[in-house]
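See structure below.
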Amino acid sequence: MNKELKSKGKYELFTTPDGKEVINFDNESYYSFTKENGGEFIAPTESDSDKFSSKATGSYYFAGAESEEDVSGTLYLEDGSEFAKIDFPQGFPTKRDEPKKKIIRSDDRFNKEEVMKKLGL
């Protein structure tokens, strides 16, 4: 299934005092990463950035399926000169009360040209 660019912008990745990761997209929305039951999940969270330590910043690109039936998506996060990839097989949580969604982090790294080609840009 082909993926199309759904959103892009800037992100900042934080670490909380208890070691959890929180990501902020475009200085608007915050999401926390958790590991449990042998998997990794993402869920909307409240901003408390005064208590967070910045870990990384950069550009992001989120691609989703072209069909309404397929909710999966892929997030590319700029990490230095490369991009990290996170897959969202259950879709991306967009509502505050939406349950957490499973994610799959890839160890693969991509340069910007590869990401742009995957997104058709």
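Residue numbering restarts at 1 for every chain of the structure tokens, chains are lettered A, B, ... in their displayed order, and ligands are numbered from 1 as they appear.
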Residue neighbourhood stretch 22-29 of chain A, 10 Å, only C-alpha atoms, exclusion window fewer than 4 positions, as a ChimeraX atom specification: /A:8-16,33-34,42-49,52-57,59-60,94,96
Residues of stretch 47-102 of chain A that approach stretch 108-111 of chain A to 7 Å or less, counting only C-alpha atoms: could you list each one with the shortest pair of atoms and its distance in Å to one decimal, rows by chain and increasing residue number, as JSON lines?
{"residue": "A:Ser81", "atom": "CA", "partner": "A:Asn111", "partner_atom": "CA", "distance": 6.8}
{"residue": "A:Glu82", "atom": "CA", "partner": "A:Asn111", "partner_atom": "CA", "distance": 4.7}
{"residue": "A:Phe83", "atom": "CA", "partner": "A:Phe110", "partner_atom": "CA", "distance": 5.0}
{"residue": "A:Ala84", "atom": "CA", "partner": "A:Arg109", "partner_atom": "CA", "distance": 5.3}
Go ahead and write the selection's residues with N, CA and C atoms as a tab-separated table (two decimals), in the first residue's frame.
chain	number	residue	atom	x	y	z
A	81	SER	N	22.49	13.63	10.65
A	81	SER	CA	22.45	13.63	9.19
A	81	SER	C	21.56	12.51	8.64
A	82	GLU	N	20.95	11.73	9.52
A	82	GLU	CA	20.11	10.62	9.10
A	82	GLU	C	18.71	10.75	9.70
A	83	PHE	N	17.83	9.85	9.27
A	83	PHE	CA	16.47	9.80	9.79
A	83	PHE	C	16.21	8.43	10.39
A	84	ALA	N	15.58	8.44	11.57
A	84	ALA	CA	15.12	7.21	12.20
A	84	ALA	C	13.68	6.97	11.74
For A:Lys6, find every residue with an atom within 7 Å (counting only C-alpha atoms), except residues of its own chain fewer than 3 positions away, and show them as a PyMOL selection string. chain A and resi 62-64
Could you pull out all residues of chain A with a DSSP call of alpha helix (DSSP H) and give them as an MDAnalysis selection string? chainID A and resid 112:119
Those residues with C-alpha atoms, as a tab-separated table (two decimals), in the first residue's frame please?
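For reference, again_12.tsv as written:
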chain	number	residue	atom	x	y	z
A	112	LYS	CA	17.18	12.69	3.53
A	113	GLU	CA	17.14	11.73	-0.14
A	114	GLU	CA	15.88	8.23	0.70
A	115	VAL	CA	13.11	9.65	2.91
A	116	MET	CA	12.03	12.13	0.23
A	117	LYS	CA	11.94	9.32	-2.34
A	118	LYS	CA	9.81	7.12	-0.03
A	119	LEU	CA	7.40	10.06	0.41
Contacts of A:Gln90 at 10 Å or less, counting only C-alpha atoms, minus same-chain residues fewer than 3 places along, as a list in words? Asp70, Val71, Ser72, Gly73, Asp87, Pro93, Lys100, Lys101, Lys102 and Ile103 of chain A
Would you please give, as a short mmCIF file (atom, residue, chain, number, x, y, z; two decimals) with N, CA and C atoms, in the first residue's frame, all residues of chain A that DSSP assigns to strand (DSSP E) based on the backbone?
data_model
loop_
_atom_site.label_atom_id
_atom_site.label_comp_id
_atom_site.auth_asym_id
_atom_site.auth_seq_id
_atom_site.Cartn_x
_atom_site.Cartn_y
_atom_site.Cartn_z
N LYS A 3 2.10 5.06 0.63
CA LYS A 3 1.96 6.03 1.73
C LYS A 3 2.10 7.42 1.15
N GLU A 4 1.34 8.35 1.71
CA GLU A 4 1.44 9.74 1.28
C GLU A 4 1.76 10.61 2.49
N LEU A 5 2.41 11.73 2.25
CA LEU A 5 2.78 12.65 3.32
C LEU A 5 1.52 13.23 3.95
N LYS A 6 1.38 13.05 5.26
CA LYS A 6 0.23 13.57 5.99
C LYS A 6 0.58 14.83 6.77
N SER A 7 1.80 14.88 7.30
CA SER A 7 2.24 16.07 8.04
C SER A 7 3.75 16.11 8.10
N LYS A 8 4.27 17.31 8.32
CA LYS A 8 5.71 17.51 8.48
C LYS A 8 5.90 18.73 9.35
N GLY A 9 7.08 18.84 9.93
CA GLY A 9 7.37 19.98 10.79
C GLY A 9 8.61 19.74 11.61
N LYS A 10 8.61 20.30 12.81
CA LYS A 10 9.75 20.18 13.72
C LYS A 10 9.32 19.41 14.96
N TYR A 11 10.25 18.63 15.47
CA TYR A 11 9.98 17.89 16.71
C TYR A 11 11.09 18.15 17.72
N GLU A 12 10.78 17.86 18.98
CA GLU A 12 11.79 17.85 20.04
C GLU A 12 11.51 16.63 20.90
N LEU A 13 12.54 15.86 21.16
CA LEU A 13 12.45 14.67 21.98
C LEU A 13 13.03 14.99 23.35
N PHE A 14 12.28 14.65 24.40
CA PHE A 14 12.67 14.94 25.77
C PHE A 14 12.82 13.65 26.56
N THR A 15 13.52 13.76 27.68
CA THR A 15 13.59 12.70 28.66
C THR A 15 13.01 13.25 29.96
N GLU A 21 10.66 8.74 27.56
CA GLU A 21 10.78 9.66 26.43
C GLU A 21 9.43 10.31 26.13
N VAL A 22 9.49 11.61 25.85
CA VAL A 22 8.31 12.39 25.44
C VAL A 22 8.70 13.16 24.19
N ILE A 23 7.82 13.17 23.20
CA ILE A 23 8.08 13.90 21.97
C ILE A 23 7.06 15.00 21.79
N ASN A 24 7.52 16.13 21.31
CA ASN A 24 6.66 17.28 21.03
C ASN A 24 6.74 17.58 19.54
N PHE A 25 5.57 17.75 18.93
CA PHE A 25 5.50 18.08 17.51
C PHE A 25 5.08 19.53 17.35
N SER A 29 1.77 19.54 20.39
CA SER A 29 1.25 18.31 21.00
C SER A 29 2.38 17.44 21.54
N TYR A 30 2.11 16.82 22.69
CA TYR A 30 3.09 15.98 23.36
C TYR A 30 2.58 14.54 23.41
N TYR A 31 3.53 13.61 23.23
CA TYR A 31 3.22 12.19 23.27
C TYR A 31 4.31 11.49 24.07
N SER A 32 3.91 10.50 24.88
CA SER A 32 4.89 9.75 25.67
C SER A 32 5.06 8.35 25.09
N PHE A 33 6.28 7.85 25.18
CA PHE A 33 6.62 6.50 24.77
C PHE A 33 6.69 5.64 26.02
N THR A 34 6.09 4.46 25.97
CA THR A 34 6.17 3.52 27.09
C THR A 34 6.49 2.13 26.56
N LYS A 35 7.18 1.36 27.39
CA LYS A 35 7.46 -0.04 27.07
C LYS A 35 6.71 -0.89 28.08
N GLU A 36 5.93 -1.84 27.55
CA GLU A 36 5.19 -2.75 28.42
C GLU A 36 4.74 -3.96 27.63
N GLY A 39 6.23 -4.82 24.25
CA GLY A 39 6.08 -3.92 23.12
C GLY A 39 6.32 -2.47 23.52
N GLU A 40 6.29 -1.60 22.53
CA GLU A 40 6.46 -0.17 22.79
C GLU A 40 5.23 0.55 22.26
N PHE A 41 4.78 1.56 23.02
CA PHE A 41 3.55 2.26 22.71
C PHE A 41 3.75 3.77 22.78
N ILE A 42 2.83 4.50 22.13
CA ILE A 42 2.82 5.95 22.19
C ILE A 42 1.41 6.39 22.56
N ALA A 43 1.31 7.45 23.38
CA ALA A 43 0.01 7.97 23.79
C ALA A 43 0.12 9.47 24.02
N PRO A 44 -0.97 10.21 23.80
CA PRO A 44 -0.95 11.65 24.10
C PRO A 44 -0.66 11.86 25.58
N THR A 45 0.01 12.96 25.90
CA THR A 45 0.31 13.27 27.29
C THR A 45 0.26 14.78 27.47
N SER A 53 14.23 17.09 30.02
CA SER A 53 15.56 17.39 29.49
C SER A 53 15.53 17.11 27.99
N SER A 54 15.90 18.11 27.20
CA SER A 54 15.90 17.95 25.74
C SER A 54 16.97 16.95 25.33
N LYS A 55 16.57 16.02 24.45
CA LYS A 55 17.46 14.96 24.01
C LYS A 55 17.82 15.11 22.53
N ALA A 56 16.85 15.53 21.70
CA ALA A 56 17.08 15.67 20.26
C ALA A 56 16.05 16.61 19.66
N THR A 57 16.43 17.26 18.56
CA THR A 57 15.50 18.10 17.81
C THR A 57 15.76 17.90 16.33
N GLY A 58 14.78 18.23 15.53
CA GLY A 58 14.96 18.11 14.09
C GLY A 58 13.64 18.16 13.36
N SER A 59 13.68 17.78 12.10
CA SER A 59 12.49 17.73 11.27
C SER A 59 11.83 16.37 11.39
N TYR A 60 10.52 16.34 11.13
CA TYR A 60 9.82 15.07 11.06
C TYR A 60 8.93 15.04 9.83
N TYR A 61 8.65 13.83 9.37
CA TYR A 61 7.73 13.59 8.27
C TYR A 61 6.86 12.40 8.66
N PHE A 62 5.55 12.56 8.58
CA PHE A 62 4.63 11.46 8.88
C PHE A 62 3.87 11.09 7.62
N ALA A 63 3.97 9.83 7.25
CA ALA A 63 3.30 9.33 6.05
C ALA A 63 2.24 8.33 6.47
N GLY A 64 1.08 8.41 5.82
CA GLY A 64 -0.01 7.48 6.09
C GLY A 64 -0.51 6.87 4.80
N ALA A 65 -1.34 5.86 4.96
CA ALA A 65 -1.90 5.17 3.80
C ALA A 65 -2.83 6.09 3.03
N GLY A 73 0.80 4.00 9.62
CA GLY A 73 1.60 5.14 9.22
C GLY A 73 3.06 4.94 9.57
N THR A 74 3.89 5.85 9.07
CA THR A 74 5.32 5.80 9.33
C THR A 74 5.81 7.21 9.65
N LEU A 75 6.59 7.31 10.71
CA LEU A 75 7.17 8.57 11.14
C LEU A 75 8.67 8.52 10.91
N TYR A 76 9.20 9.55 10.25
CA TYR A 76 10.64 9.70 10.05
C TYR A 76 11.10 10.88 10.89
N LEU A 77 12.07 10.63 11.77
CA LEU A 77 12.61 11.67 12.65
C LEU A 77 14.06 11.95 12.29
N GLU A 78 14.34 13.20 12.02
CA GLU A 78 15.72 13.60 11.72
C GLU A 78 16.57 13.39 12.96
N ASP A 79 17.70 12.73 12.77
CA ASP A 79 18.63 12.44 13.86
C ASP A 79 20.03 12.69 13.32
N GLU A 82 20.95 11.73 9.52
CA GLU A 82 20.11 10.62 9.10
C GLU A 82 18.71 10.75 9.70
N PHE A 83 17.83 9.85 9.27
CA PHE A 83 16.47 9.80 9.79
C PHE A 83 16.21 8.43 10.39
N ALA A 84 15.58 8.44 11.57
CA ALA A 84 15.12 7.21 12.20
C ALA A 84 13.68 6.97 11.74
N LYS A 85 13.26 5.70 11.77
CA LYS A 85 11.93 5.34 11.30
C LYS A 85 11.14 4.66 12.41
N ILE A 86 9.88 5.10 12.59
CA ILE A 86 8.97 4.47 13.54
C ILE A 86 7.68 4.15 12.79
N ASP A 87 7.27 2.87 12.84
CA ASP A 87 6.02 2.46 12.20
C ASP A 87 4.88 2.45 13.21
N PHE A 88 3.70 2.80 12.73
CA PHE A 88 2.48 2.85 13.52
C PHE A 88 1.45 1.90 12.90
N LYS A 101 -1.16 3.54 21.32
CA LYS A 101 -1.02 2.79 20.07
C LYS A 101 0.35 2.14 20.02
N LYS A 102 0.40 0.93 19.50
CA LYS A 102 1.66 0.20 19.37
C LYS A 102 2.53 0.86 18.31
N ILE A 103 3.83 0.89 18.57
CA ILE A 103 4.80 1.39 17.59
C ILE A 103 5.89 0.34 17.39
N ILE A 104 6.57 0.45 16.27
CA ILE A 104 7.69 -0.43 15.97
C ILE A 104 8.85 0.45 15.50
N ARG A 105 9.89 0.52 16.31
CA ARG A 105 11.08 1.30 15.93
C ARG A 105 11.98 0.45 15.05
N SER A 106 12.50 1.06 14.03
CA SER A 106 13.42 0.37 13.13
C SER A 106 14.85 0.77 13.48
N ASP A 107 15.75 -0.18 13.35
CA ASP A 107 17.18 0.14 13.53
C ASP A 107 17.77 0.73 12.26
N ASP A 108 17.01 0.67 11.17
CA ASP A 108 17.47 1.21 9.89
C ASP A 108 17.59 2.72 9.97
N ARG A 109 18.55 3.27 9.28
CA ARG A 109 18.75 4.71 9.16
C ARG A 109 18.66 5.08 7.70
N PHE A 110 18.10 6.26 7.43
CA PHE A 110 17.91 6.72 6.06
C PHE A 110 18.46 8.12 5.90
#
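Take atom CA of A:Lys20 and atom CA of A:Pro99: the distance between them is 18.0 Å.
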